[in-house]
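The structure under discussion appears below in the form of structure tokens.
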Protein chains: 2
Amino acid sequence: MPVERFAIPVAKELKAVENLFATQLNSDVPLINEVVQYIIQNGGKRLRPLLTLLSAKLAGFQGEAVIKMAAAMELIHTASLLHDDVVDDAGLRRGKPSTKSKWGNSISVLVGDFFWCQMSRLVVGQGSLPILKVVTDTITKTTEAEILEITKHSDFSVNEEVYLKVIGGKTAALLAACCQIGAVLGGVSEVFEEALKRYGYDLGVAFQLSDDVLDYESEEEKFGKHKGVDLREGKLTLPLIIALRRANNEESHVIKDTLLLGRMDPARLKEIVEIIHKYDGIKETQRLAKQYVEKAKTHLDIFKPSLEKESLLVLADYVIERDE
Amino acid sequence: MPVERFAIPVAKELKAVENLFATQLNSDVPLINEVVQYIIQNGGKRLRPLLTLLSAKLAGFQGEAVIKMAAAMELIHTASLLHDDVVDDAGLRRGKPSTKSKWGNSISVLVGDFFWCQMSRLVVGQGSLPILKVVTDTITKTTEAEILEITKHSDFSVNEEVYLKVIGGKTAALLAACCQIGAVLGGVSEVFEEALKRYGYDLGVAFQLSDDVLDYESEEEKFGKHKGVDLREGKLTLPLIIALRRANNEESHVIKDTLLLGRMDPARLKEIVEIIHKYDGIKETQRLAKQYVEKAKTHLDIFKPSLEKESLLVLADYVIERDE
């Protein structure tokens, strides 16, 4: 990732996180090292370390401990992607063959477990019970939301409320935890901790809404995902939920049939994208994402101006402006 | 499980562990509760809680905290079984359809994650960093050993040493941790902690050796596993490693072909079991298991006689005498 403007205040720390990944996730089992390095090198946006580092700095924390916590938060995310690849039967991840498609289900499950173990070691090593509690509560929420999402697969009655609950647990809870842990490290009072946590949560909702839009809008080579992949997996995301609620009988059948079939040709995808656009499914999802970004930013009002605060504000706009 | 003789000193606590499983693993997501109760009710021997409870009592610990730790150790085991079902593509578990075959890979992976989360909550809630460290190091070892095992699938050069390393990590490390945690709760000095840990480890090796024998010897309705399932999965366990080392060319081809094919008819299984018996693969594995049991028992020499010590000694014999 090029160092974006919002990453400048913690550029050195982000490098230290990468260095930790490159040197401290080793195992006696050679295959583990091979898989781990493949995953780490295929990167990602490192949004979770970035949030942890910026929040800690905003909360006045100085010290090395934040590097390990920032790395740990990325490891939670990575472990969950590895398990998701099995759950979603995903062939591509970040534009490259997924671990699952390169090494199979077993390795994807077990190396996911390995990442969780390494994460635990980093957090236990830090020795803060409050941080351990945040981490444990968060991974519980994430896992429950992922299971909830599966139980709602192809459930046509899913509404905005259920959808927001799923993405709150699946995505926003972890981003909230990153910011909260930064605050805990800084030892700030509850009102500041709560403000950072809420900033992370609302940012996370906006981030996922924006991801769901990109699933219909982005080009595969840029985003590393097949277009319409959510649809093919029977995932009802907000653009489609909005369209389904407003569609006429015929359009509604087209959408439902596709969700139930679990596969689709380019002509069918085009047809559905047109229905979504006709009923403003994309536009309204973008509008809601924008609302969450604005809400996220207001949580930071209580902090005095600083470089880190400015970065978090710019980052909030970035999550809905990015095209990948 | 009927209360075996060795379980009598902790019968009340074992009941409290079951009660915790029945009441404290609930989620807002209904499917999770359904799956969790299915798994919990299909039981298992509860060897890990038993070891934790007996060790804690032997180490002089009195108190409620041990219930949660005993439950946590069983949850680690259960989580790992759920992930193993995906890894091994197992249709049966304890004589009943596995979670994977009832609800699919996704649920097996994610409910496994859910058990890990619940385990973390119990251990973090207890608030002992030394126990957290034991747990984290142990699950890391377990995961690494499982991956090592996969990389050795159908590797004909696997010898006793590599095999013992795999089962040490896969099975013995967790039983060692149960006993060690009992000691940590009791606050005993290092020499007693180490003794209990070693007892658990050697018991664990004997337990796995005995499991590997049962895979060739037991009847499906009793053991809940298809006979010869390790063989079909390409797992070289000790009975077969011994046979393969001693077999003539023709016999060796029969074994290797079966491992590579990954399937087998009853006639082929019978043929291989005969080769194993011809070269004393079962007998020698049983002999080694017996050695580990005796070694396990000697670690307890430093403890003065007590009901709990007697139970651990009887339990050690049980792990190789059981027929299921």
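Letters A, B, ... go to the chains of the structure tokens in the order shown; residues in each chain start at 1; ligands are counted from 1 in the same order.
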
Fit chain B to chain A: least squares, all C-alpha atoms, paired in order; write the output as a compact mmCIF listing (two decimals) with C-alpha atoms, in the first residue's frame.
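Generated output (selection.txt):
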# COMPACT_ATOMS: atom_id res chain seq x y z
CA MET B 1 0.09 -0.05 -0.01
CA PRO B 2 1.39 3.41 -0.85
CA VAL B 3 1.43 5.57 2.26
CA GLU B 4 -1.81 7.49 1.91
CA ARG B 5 -2.08 10.92 3.40
CA PHE B 6 -3.96 9.67 6.46
CA ALA B 7 -1.21 7.14 7.21
CA ILE B 8 1.64 9.65 7.46
CA PRO B 9 1.53 10.18 11.27
CA VAL B 10 2.04 6.44 11.80
CA ALA B 11 4.11 5.50 8.74
CA LYS B 12 7.03 4.32 10.85
CA GLU B 13 4.80 2.17 13.06
CA LEU B 14 3.03 0.64 10.03
CA LYS B 15 6.42 -0.43 8.77
CA ALA B 16 7.18 -2.00 12.13
CA VAL B 17 3.92 -3.97 11.87
CA GLU B 18 4.97 -5.29 8.44
CA ASN B 19 8.34 -6.16 9.87
CA LEU B 20 6.67 -8.12 12.68
CA PHE B 21 4.63 -10.06 10.09
CA ALA B 22 7.76 -10.82 8.08
CA THR B 23 9.83 -12.02 11.02
CA GLN B 24 7.69 -13.14 13.94
CA LEU B 25 5.05 -15.47 12.53
CA ASN B 26 7.44 -18.32 11.89
CA SER B 27 6.83 -21.96 12.68
CA ASP B 28 8.85 -25.18 12.72
CA VAL B 29 6.47 -26.51 10.08
CA PRO B 30 7.77 -25.29 6.69
CA LEU B 31 4.36 -25.29 4.95
CA ILE B 32 3.00 -22.87 7.57
CA ASN B 33 5.75 -20.36 6.79
CA GLU B 34 5.09 -20.69 3.08
CA VAL B 35 1.36 -20.07 3.44
CA VAL B 36 1.78 -17.29 6.00
CA GLN B 37 4.22 -15.37 3.81
CA TYR B 38 1.95 -15.80 0.77
CA ILE B 39 -0.94 -14.27 2.70
CA ILE B 40 1.09 -11.49 4.30
CA GLN B 41 2.72 -10.49 1.03
CA ASN B 42 -0.61 -10.29 -0.72
CA GLY B 43 -1.28 -7.52 1.67
CA GLY B 44 -4.53 -5.73 1.96
CA LYS B 45 -5.18 -2.19 3.08
CA ARG B 46 -3.99 -2.71 6.68
CA LEU B 47 -6.97 -0.67 7.79
CA ARG B 48 -7.08 -2.34 11.20
CA PRO B 49 -3.45 -1.63 12.17
CA LEU B 50 -3.89 1.91 10.86
CA LEU B 51 -6.92 2.51 13.08
CA THR B 52 -5.19 1.00 16.10
CA LEU B 53 -2.06 3.10 15.61
CA LEU B 54 -3.85 6.38 14.92
CA SER B 55 -6.25 5.87 17.85
CA ALA B 56 -3.43 5.05 20.25
CA LYS B 57 -1.54 8.14 19.15
CA LEU B 58 -4.64 10.29 19.41
CA ALA B 59 -5.14 8.90 22.93
CA GLY B 60 -1.61 9.97 23.80
CA PHE B 61 0.01 6.55 23.89
CA GLN B 62 3.74 6.40 23.21
CA GLY B 63 5.48 3.06 23.21
CA GLU B 64 6.25 -0.18 21.43
CA ALA B 65 3.26 -2.17 22.70
CA VAL B 66 0.95 -0.65 20.11
CA ILE B 67 2.86 -2.34 17.27
CA LYS B 68 1.97 -5.77 18.59
CA MET B 69 -1.65 -4.80 19.19
CA ALA B 70 -1.94 -3.33 15.67
CA ALA B 71 -0.49 -6.53 14.25
CA ALA B 72 -2.83 -8.64 16.39
CA MET B 73 -5.88 -6.83 15.02
CA GLU B 74 -4.78 -7.52 11.44
CA LEU B 75 -4.25 -11.19 12.35
CA ILE B 76 -7.84 -11.45 13.59
CA HIS B 77 -8.95 -10.06 10.24
CA THR B 78 -6.68 -12.41 8.28
CA ALA B 79 -7.80 -15.47 10.25
CA SER B 80 -11.39 -14.58 9.57
CA LEU B 81 -10.71 -14.15 5.83
CA LEU B 82 -9.13 -17.61 5.72
CA HIS B 83 -12.19 -19.16 7.34
CA ASP B 84 -14.48 -17.07 5.13
CA ASP B 85 -12.76 -18.44 2.05
CA VAL B 86 -13.95 -21.88 3.11
CA VAL B 87 -17.39 -20.62 4.11
CA ASP B 88 -17.90 -18.67 0.88
CA ASP B 89 -15.97 -21.14 -1.29
CA ALA B 90 -13.98 -18.16 -2.61
CA GLY B 91 -11.47 -18.72 -5.41
CA LEU B 92 -9.94 -15.27 -5.39
CA ARG B 93 -8.83 -13.04 -2.55
CA ARG B 94 -7.36 -9.59 -3.23
CA GLY B 95 -7.00 -10.47 -6.91
CA LYS B 96 -4.84 -13.52 -6.24
CA PRO B 97 -5.82 -17.19 -5.84
CA SER B 98 -7.15 -17.65 -2.31
CA THR B 99 -5.30 -19.87 0.17
CA LYS B 100 -8.23 -22.23 -0.05
CA SER B 101 -7.93 -22.55 -3.84
CA LYS B 102 -4.13 -22.88 -3.68
CA TRP B 103 -3.80 -25.29 -0.74
CA GLY B 104 -7.34 -26.55 -0.07
CA ASN B 105 -9.96 -26.25 2.67
CA SER B 106 -7.89 -27.96 5.36
CA ILE B 107 -4.97 -25.57 5.13
CA SER B 108 -7.27 -22.56 4.96
CA VAL B 109 -9.02 -23.63 8.17
CA LEU B 110 -5.87 -24.60 10.04
CA VAL B 111 -3.70 -21.65 8.99
CA GLY B 112 -6.65 -19.46 10.00
CA ASP B 113 -6.43 -21.14 13.40
CA PHE B 114 -2.67 -20.56 13.38
CA PHE B 115 -3.20 -16.81 12.84
CA TRP B 116 -5.63 -16.75 15.74
CA CYS B 117 -3.05 -18.49 17.91
CA GLN B 118 -0.36 -15.99 16.96
CA MET B 119 -2.79 -13.17 17.65
CA SER B 120 -3.54 -14.62 21.10
CA ARG B 121 0.17 -14.86 21.85
CA LEU B 122 0.69 -11.21 20.99
CA VAL B 123 -2.26 -10.05 23.09
CA VAL B 124 -1.55 -12.36 26.05
CA GLY B 125 2.11 -11.26 25.87
CA GLN B 126 1.01 -7.65 26.23
CA GLY B 127 -0.59 -8.71 29.49
CA SER B 128 -3.55 -6.32 29.62
CA LEU B 129 -6.72 -8.03 30.78
CA PRO B 130 -8.97 -5.16 29.59
CA ILE B 131 -7.52 -5.51 26.08
CA LEU B 132 -7.92 -9.28 26.23
CA LYS B 133 -11.56 -8.78 27.14
CA VAL B 134 -12.14 -6.40 24.20
CA VAL B 135 -10.50 -8.86 21.81
CA THR B 136 -12.44 -11.85 23.09
CA ASP B 137 -15.79 -10.09 23.05
CA THR B 138 -15.09 -8.84 19.55
CA ILE B 139 -14.16 -12.15 17.98
CA THR B 140 -17.26 -13.64 19.59
CA LYS B 141 -19.44 -10.94 17.99
CA THR B 142 -17.72 -11.41 14.63
CA THR B 143 -18.20 -15.16 14.66
CA GLU B 144 -21.84 -14.91 15.71
CA ALA B 145 -22.53 -12.39 12.94
CA GLU B 146 -20.95 -14.64 10.35
CA ILE B 147 -23.14 -17.51 11.43
CA LEU B 148 -26.19 -15.20 11.46
CA GLU B 149 -25.33 -14.21 7.89
CA ILE B 150 -25.28 -17.84 6.79
CA THR B 151 -28.66 -18.50 8.36
CA LYS B 152 -30.03 -15.54 6.39
CA HIS B 153 -28.66 -16.72 3.05
CA SER B 154 -31.35 -16.36 0.43
CA ASP B 155 -33.83 -15.24 3.06
CA PHE B 156 -35.92 -12.77 1.06
CA SER B 157 -37.41 -11.21 4.17
CA VAL B 158 -34.07 -9.77 5.32
CA ASN B 159 -34.54 -6.07 5.87
CA GLU B 160 -32.21 -3.16 6.48
CA GLU B 161 -32.27 -3.74 10.24
CA VAL B 162 -31.11 -7.36 10.08
CA TYR B 163 -28.58 -6.41 7.42
CA LEU B 164 -27.11 -3.66 9.61
CA LYS B 165 -26.91 -6.11 12.52
CA VAL B 166 -24.94 -8.56 10.39
CA ILE B 167 -22.44 -6.02 9.07
CA GLY B 168 -22.19 -4.43 12.50
CA GLY B 169 -20.98 -7.74 13.89
CA LYS B 170 -19.09 -8.94 10.84
CA THR B 171 -17.09 -5.79 10.09
CA ALA B 172 -17.79 -2.82 12.35
CA ALA B 173 -17.19 -4.56 15.68
CA LEU B 174 -13.57 -5.29 14.80
CA LEU B 175 -12.85 -1.74 13.60
CA ALA B 176 -14.49 -0.44 16.80
CA ALA B 177 -12.21 -2.74 18.80
CA CYS B 178 -9.10 -1.40 17.03
CA CYS B 179 -9.98 2.15 18.04
CA GLN B 180 -11.02 1.13 21.54
CA ILE B 181 -7.74 -0.70 22.13
CA GLY B 182 -5.85 2.41 21.06
CA ALA B 183 -7.82 4.31 23.71
CA VAL B 184 -7.19 1.65 26.38
CA LEU B 185 -3.45 1.80 25.67
CA GLY B 186 -3.60 5.56 26.09
CA GLY B 187 -5.37 5.16 29.41
CA VAL B 188 -7.94 7.84 28.57
CA SER B 189 -11.20 8.21 30.48
CA GLU B 190 -14.35 6.37 29.49
CA VAL B 191 -15.88 9.19 27.47
CA PHE B 192 -12.88 9.33 25.11
CA GLU B 193 -12.68 5.53 24.90
CA GLU B 194 -16.36 5.36 24.02
CA ALA B 195 -15.97 8.11 21.40
CA LEU B 196 -13.15 6.30 19.64
CA LYS B 197 -15.02 3.00 19.80
CA ARG B 198 -18.11 4.58 18.23
CA TYR B 199 -16.02 6.27 15.57
CA GLY B 200 -14.61 2.85 14.64
CA TYR B 201 -18.03 1.22 14.62
CA ASP B 202 -19.70 3.79 12.38
CA LEU B 203 -16.67 3.87 10.11
CA GLY B 204 -16.95 0.08 9.90
CA VAL B 205 -20.59 0.16 8.87
CA ALA B 206 -19.76 2.74 6.18
CA PHE B 207 -16.82 0.61 5.05
CA GLN B 208 -18.96 -2.50 4.62
CA LEU B 209 -21.74 -0.60 2.84
CA SER B 210 -19.14 0.75 0.49
CA ASP B 211 -17.76 -2.78 -0.04
CA ASP B 212 -21.22 -3.99 -0.92
CA VAL B 213 -21.56 -1.22 -3.51
CA LEU B 214 -18.13 -2.06 -4.94
CA ASP B 215 -19.22 -5.66 -5.37
CA TYR B 216 -21.61 -4.43 -8.04
CA GLU B 217 -19.52 -1.58 -9.36
CA SER B 218 -15.86 -2.48 -9.36
CA GLU B 219 -13.82 -4.16 -12.01
CA GLU B 220 -12.39 -7.52 -11.07
CA GLU B 221 -8.76 -6.66 -11.84
CA LYS B 222 -8.91 -3.71 -9.48
CA PHE B 223 -10.86 -5.14 -6.57
CA GLY B 224 -9.71 -8.71 -6.69
CA LYS B 225 -13.20 -10.08 -6.56
CA HIS B 226 -15.60 -11.24 -9.23
CA LYS B 227 -18.31 -8.70 -9.78
CA GLY B 228 -21.64 -9.75 -8.32
CA VAL B 229 -20.03 -12.35 -6.10
CA ASP B 230 -22.32 -11.56 -3.15
CA LEU B 231 -25.33 -12.14 -5.36
CA ARG B 232 -24.00 -15.44 -6.63
CA GLU B 233 -23.38 -16.57 -3.06
CA GLY B 234 -26.97 -15.73 -2.22
CA LYS B 235 -25.92 -12.82 -0.03
CA LEU B 236 -28.58 -10.18 0.17
CA THR B 237 -26.65 -6.94 0.61
CA LEU B 238 -28.29 -3.55 0.90
CA PRO B 239 -28.33 -2.52 -2.80
CA LEU B 240 -30.29 -5.68 -3.56
CA ILE B 241 -32.48 -5.48 -0.45
CA ILE B 242 -33.60 -2.00 -1.54
CA ALA B 243 -34.23 -3.15 -5.11
CA LEU B 244 -36.12 -6.24 -3.99
CA ARG B 245 -38.42 -4.20 -1.78
CA ARG B 246 -39.36 -1.89 -4.66
CA ALA B 247 -39.26 -4.23 -7.63
CA ASN B 248 -42.36 -5.28 -9.56
CA ASN B 249 -43.36 -8.93 -9.67
CA GLU B 250 -41.35 -9.83 -12.73
CA GLU B 251 -38.17 -8.12 -11.53
CA SER B 252 -38.56 -9.67 -8.13
CA HIS B 253 -38.67 -13.12 -9.72
CA VAL B 254 -35.47 -12.45 -11.64
CA ILE B 255 -33.66 -11.53 -8.42
CA LYS B 256 -35.06 -14.38 -6.34
CA ASP B 257 -34.38 -17.00 -9.01
CA THR B 258 -30.77 -15.88 -9.23
CA LEU B 259 -30.32 -15.99 -5.46
CA LEU B 260 -31.78 -19.48 -5.31
CA LEU B 261 -29.82 -20.81 -8.29
CA GLY B 262 -26.51 -19.58 -6.87
CA ARG B 263 -25.05 -19.01 -10.33
CA MET B 264 -25.47 -16.44 -13.03
CA ASP B 265 -24.29 -15.53 -16.54
CA PRO B 266 -23.10 -12.01 -17.49
CA ALA B 267 -26.47 -11.22 -19.12
CA ARG B 268 -28.30 -12.06 -15.90
CA LEU B 269 -25.87 -10.01 -13.84
CA LYS B 270 -26.39 -7.04 -16.18
CA GLU B 271 -30.16 -7.40 -15.84
CA ILE B 272 -29.99 -7.41 -12.05
CA VAL B 273 -27.58 -4.47 -11.91
CA GLU B 274 -30.09 -2.56 -14.06
CA ILE B 275 -32.91 -3.37 -11.65
CA ILE B 276 -30.73 -2.23 -8.74
CA HIS B 277 -29.99 1.05 -10.51
CA LYS B 278 -33.61 1.55 -11.52
CA TYR B 279 -34.63 1.52 -7.85
CA ASP B 280 -31.60 3.51 -6.64
CA GLY B 281 -30.19 0.56 -4.69
CA ILE B 282 -26.62 1.79 -5.21
CA LYS B 283 -27.35 5.45 -4.65
CA GLU B 284 -29.27 4.85 -1.44
CA THR B 285 -26.60 2.54 -0.09
CA GLN B 286 -24.00 5.21 -0.85
CA ARG B 287 -26.18 7.81 0.85
CA LEU B 288 -26.43 5.66 3.98
CA ALA B 289 -22.67 5.06 3.93
CA LYS B 290 -22.12 8.81 3.76
CA GLN B 291 -24.43 9.28 6.79
CA TYR B 292 -22.39 6.76 8.79
CA VAL B 293 -19.16 8.52 7.82
CA GLU B 294 -20.52 11.86 9.02
CA LYS B 295 -21.70 10.24 12.26
CA ALA B 296 -18.28 8.63 12.71
CA LYS B 297 -16.58 12.00 12.36
CA THR B 298 -18.79 13.74 14.93
CA HIS B 299 -17.69 11.24 17.58
CA LEU B 300 -14.23 12.81 17.32
CA ASP B 301 -15.55 16.31 18.12
CA ILE B 302 -14.46 15.99 21.73
CA PHE B 303 -10.79 15.60 20.77
CA LYS B 304 -8.77 18.76 20.29
CA PRO B 305 -7.22 19.27 16.82
CA SER B 306 -4.15 17.16 16.06
CA LEU B 307 -2.45 15.44 13.16
CA GLU B 308 -3.91 12.10 14.23
CA LYS B 309 -7.44 13.46 14.53
CA GLU B 310 -7.11 14.99 11.07
CA SER B 311 -5.94 11.61 9.71
CA LEU B 312 -8.91 9.78 11.21
CA LEU B 313 -11.25 12.36 9.66
CA VAL B 314 -9.64 12.00 6.23
CA LEU B 315 -9.67 8.23 6.58
CA ALA B 316 -13.40 8.33 7.25
CA ASP B 317 -13.99 10.02 3.88
CA TYR B 318 -11.61 7.62 2.18
CA VAL B 319 -13.56 4.50 3.12
CA ILE B 320 -16.47 5.57 0.94
CA GLU B 321 -14.46 7.30 -1.78
CA ARG B 322 -12.09 4.44 -2.60
CA ASP B 323 -12.66 2.45 -5.74
CA GLU B 324 -11.03 -0.74 -4.52

Secondary structure check, alpha helix (DSSP H) residues of stretch 220-309 of chain B, as a VMD selection string
chain B and resid 220 to 223 229 to 232 238 to 246 249 to 261 266 to 278 281 to 299 307 to 309

Include C-alpha atoms and write out the residues we just selected as an mmCIF file, in the first residue's frame.
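result-v9.cif written:
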data_model
loop_
_atom_site.group_PDB
_atom_site.id
_atom_site.type_symbol
_atom_site.label_atom_id
_atom_site.label_comp_id
_atom_site.auth_asym_id
_atom_site.auth_seq_id
_atom_site.Cartn_x
_atom_site.Cartn_y
_atom_site.Cartn_z
ATOM 1 C CA GLU B 220 -17.985 -49.037 14.343
ATOM 2 C CA GLU B 221 -21.113 -49.102 16.518
ATOM 3 C CA LYS B 222 -18.992 -48.950 19.649
ATOM 4 C CA PHE B 223 -16.349 -46.430 18.684
ATOM 5 C CA VAL B 229 -10.587 -44.597 8.691
ATOM 6 C CA ASP B 230 -7.019 -43.382 9.302
ATOM 7 C CA LEU B 231 -5.806 -45.618 6.516
ATOM 8 C CA ARG B 232 -8.444 -44.388 4.116
ATOM 9 C CA LEU B 238 2.136 -46.376 14.148
ATOM 10 C CA PRO B 239 0.616 -49.844 13.518
ATOM 11 C CA LEU B 240 0.976 -49.221 9.797
ATOM 12 C CA ILE B 241 4.378 -47.521 10.053
ATOM 13 C CA ILE B 242 5.722 -50.631 11.796
ATOM 14 C CA ALA B 243 4.150 -52.943 9.226
ATOM 15 C CA LEU B 244 5.395 -50.876 6.307
ATOM 16 C CA ARG B 245 8.956 -50.936 7.600
ATOM 17 C CA ARG B 246 8.948 -54.736 7.842
ATOM 18 C CA ASN B 249 7.785 -55.826 -1.549
ATOM 19 C CA GLU B 250 4.367 -57.152 -2.426
ATOM 20 C CA GLU B 251 2.827 -56.278 0.940
ATOM 21 C CA SER B 252 4.397 -52.868 0.842
ATOM 22 C CA HIS B 253 2.739 -52.201 -2.518
ATOM 23 C CA VAL B 254 -0.662 -53.185 -1.144
ATOM 24 C CA ILE B 255 -0.289 -50.681 1.702
ATOM 25 C CA LYS B 256 1.088 -47.855 -0.423
ATOM 26 C CA ASP B 257 -1.522 -48.284 -3.151
ATOM 27 C CA THR B 258 -4.284 -48.068 -0.573
ATOM 28 C CA LEU B 259 -2.821 -44.942 1.007
ATOM 29 C CA LEU B 260 -2.520 -43.277 -2.385
ATOM 30 C CA LEU B 261 -5.978 -44.305 -3.590
ATOM 31 C CA PRO B 266 -13.611 -54.522 3.085
ATOM 32 C CA ALA B 267 -11.422 -57.187 1.411
ATOM 33 C CA ARG B 268 -8.560 -54.715 1.077
ATOM 34 C CA LEU B 269 -8.964 -53.578 4.674
ATOM 35 C CA LYS B 270 -8.866 -57.211 5.839
ATOM 36 C CA GLU B 271 -5.700 -57.799 3.820
ATOM 37 C CA ILE B 272 -3.964 -54.790 5.351
ATOM 38 C CA VAL B 273 -5.059 -55.647 8.889
ATOM 39 C CA GLU B 274 -3.523 -59.101 8.312
ATOM 40 C CA ILE B 275 -0.237 -57.552 7.203
ATOM 41 C CA ILE B 276 -0.265 -55.312 10.285
ATOM 42 C CA HIS B 277 -0.842 -58.318 12.537
ATOM 43 C CA LYS B 278 1.777 -60.401 10.749
ATOM 44 C CA GLY B 281 2.067 -53.568 14.278
ATOM 45 C CA ILE B 282 -0.778 -53.658 16.803
ATOM 46 C CA LYS B 283 1.123 -55.481 19.513
ATOM 47 C CA GLU B 284 4.123 -53.178 19.324
ATOM 48 C CA THR B 285 1.949 -50.083 19.363
ATOM 49 C CA GLN B 286 0.183 -51.441 22.440
ATOM 50 C CA ARG B 287 3.541 -52.178 24.037
ATOM 51 C CA LEU B 288 4.698 -48.603 23.429
ATOM 52 C CA ALA B 289 1.412 -47.254 24.805
ATOM 53 C CA LYS B 290 1.929 -49.334 27.940
ATOM 54 C CA GLN B 291 5.452 -47.878 28.320
ATOM 55 C CA TYR B 292 4.069 -44.340 28.129
ATOM 56 C CA VAL B 293 1.422 -45.182 30.730
ATOM 57 C CA GLU B 294 4.065 -46.485 33.122
ATOM 58 C CA LYS B 295 6.186 -43.387 32.509
ATOM 59 C CA ALA B 296 3.148 -41.180 33.124
ATOM 60 C CA LYS B 297 2.524 -42.862 36.461
ATOM 61 C CA THR B 298 6.099 -42.452 37.704
ATOM 62 C CA HIS B 299 5.810 -38.672 37.310
ATOM 63 C CA LEU B 307 -7.746 -40.210 46.445
ATOM 64 C CA GLU B 308 -6.948 -37.910 43.520
ATOM 65 C CA LYS B 309 -3.515 -39.429 42.950
#

I need the residues of stretch 12-173 of chain B that end up classed as strand (DSSP E or B) by DSSP on the backbone, written out as an NGL selection string.
:B and (92-93 or 96-97)
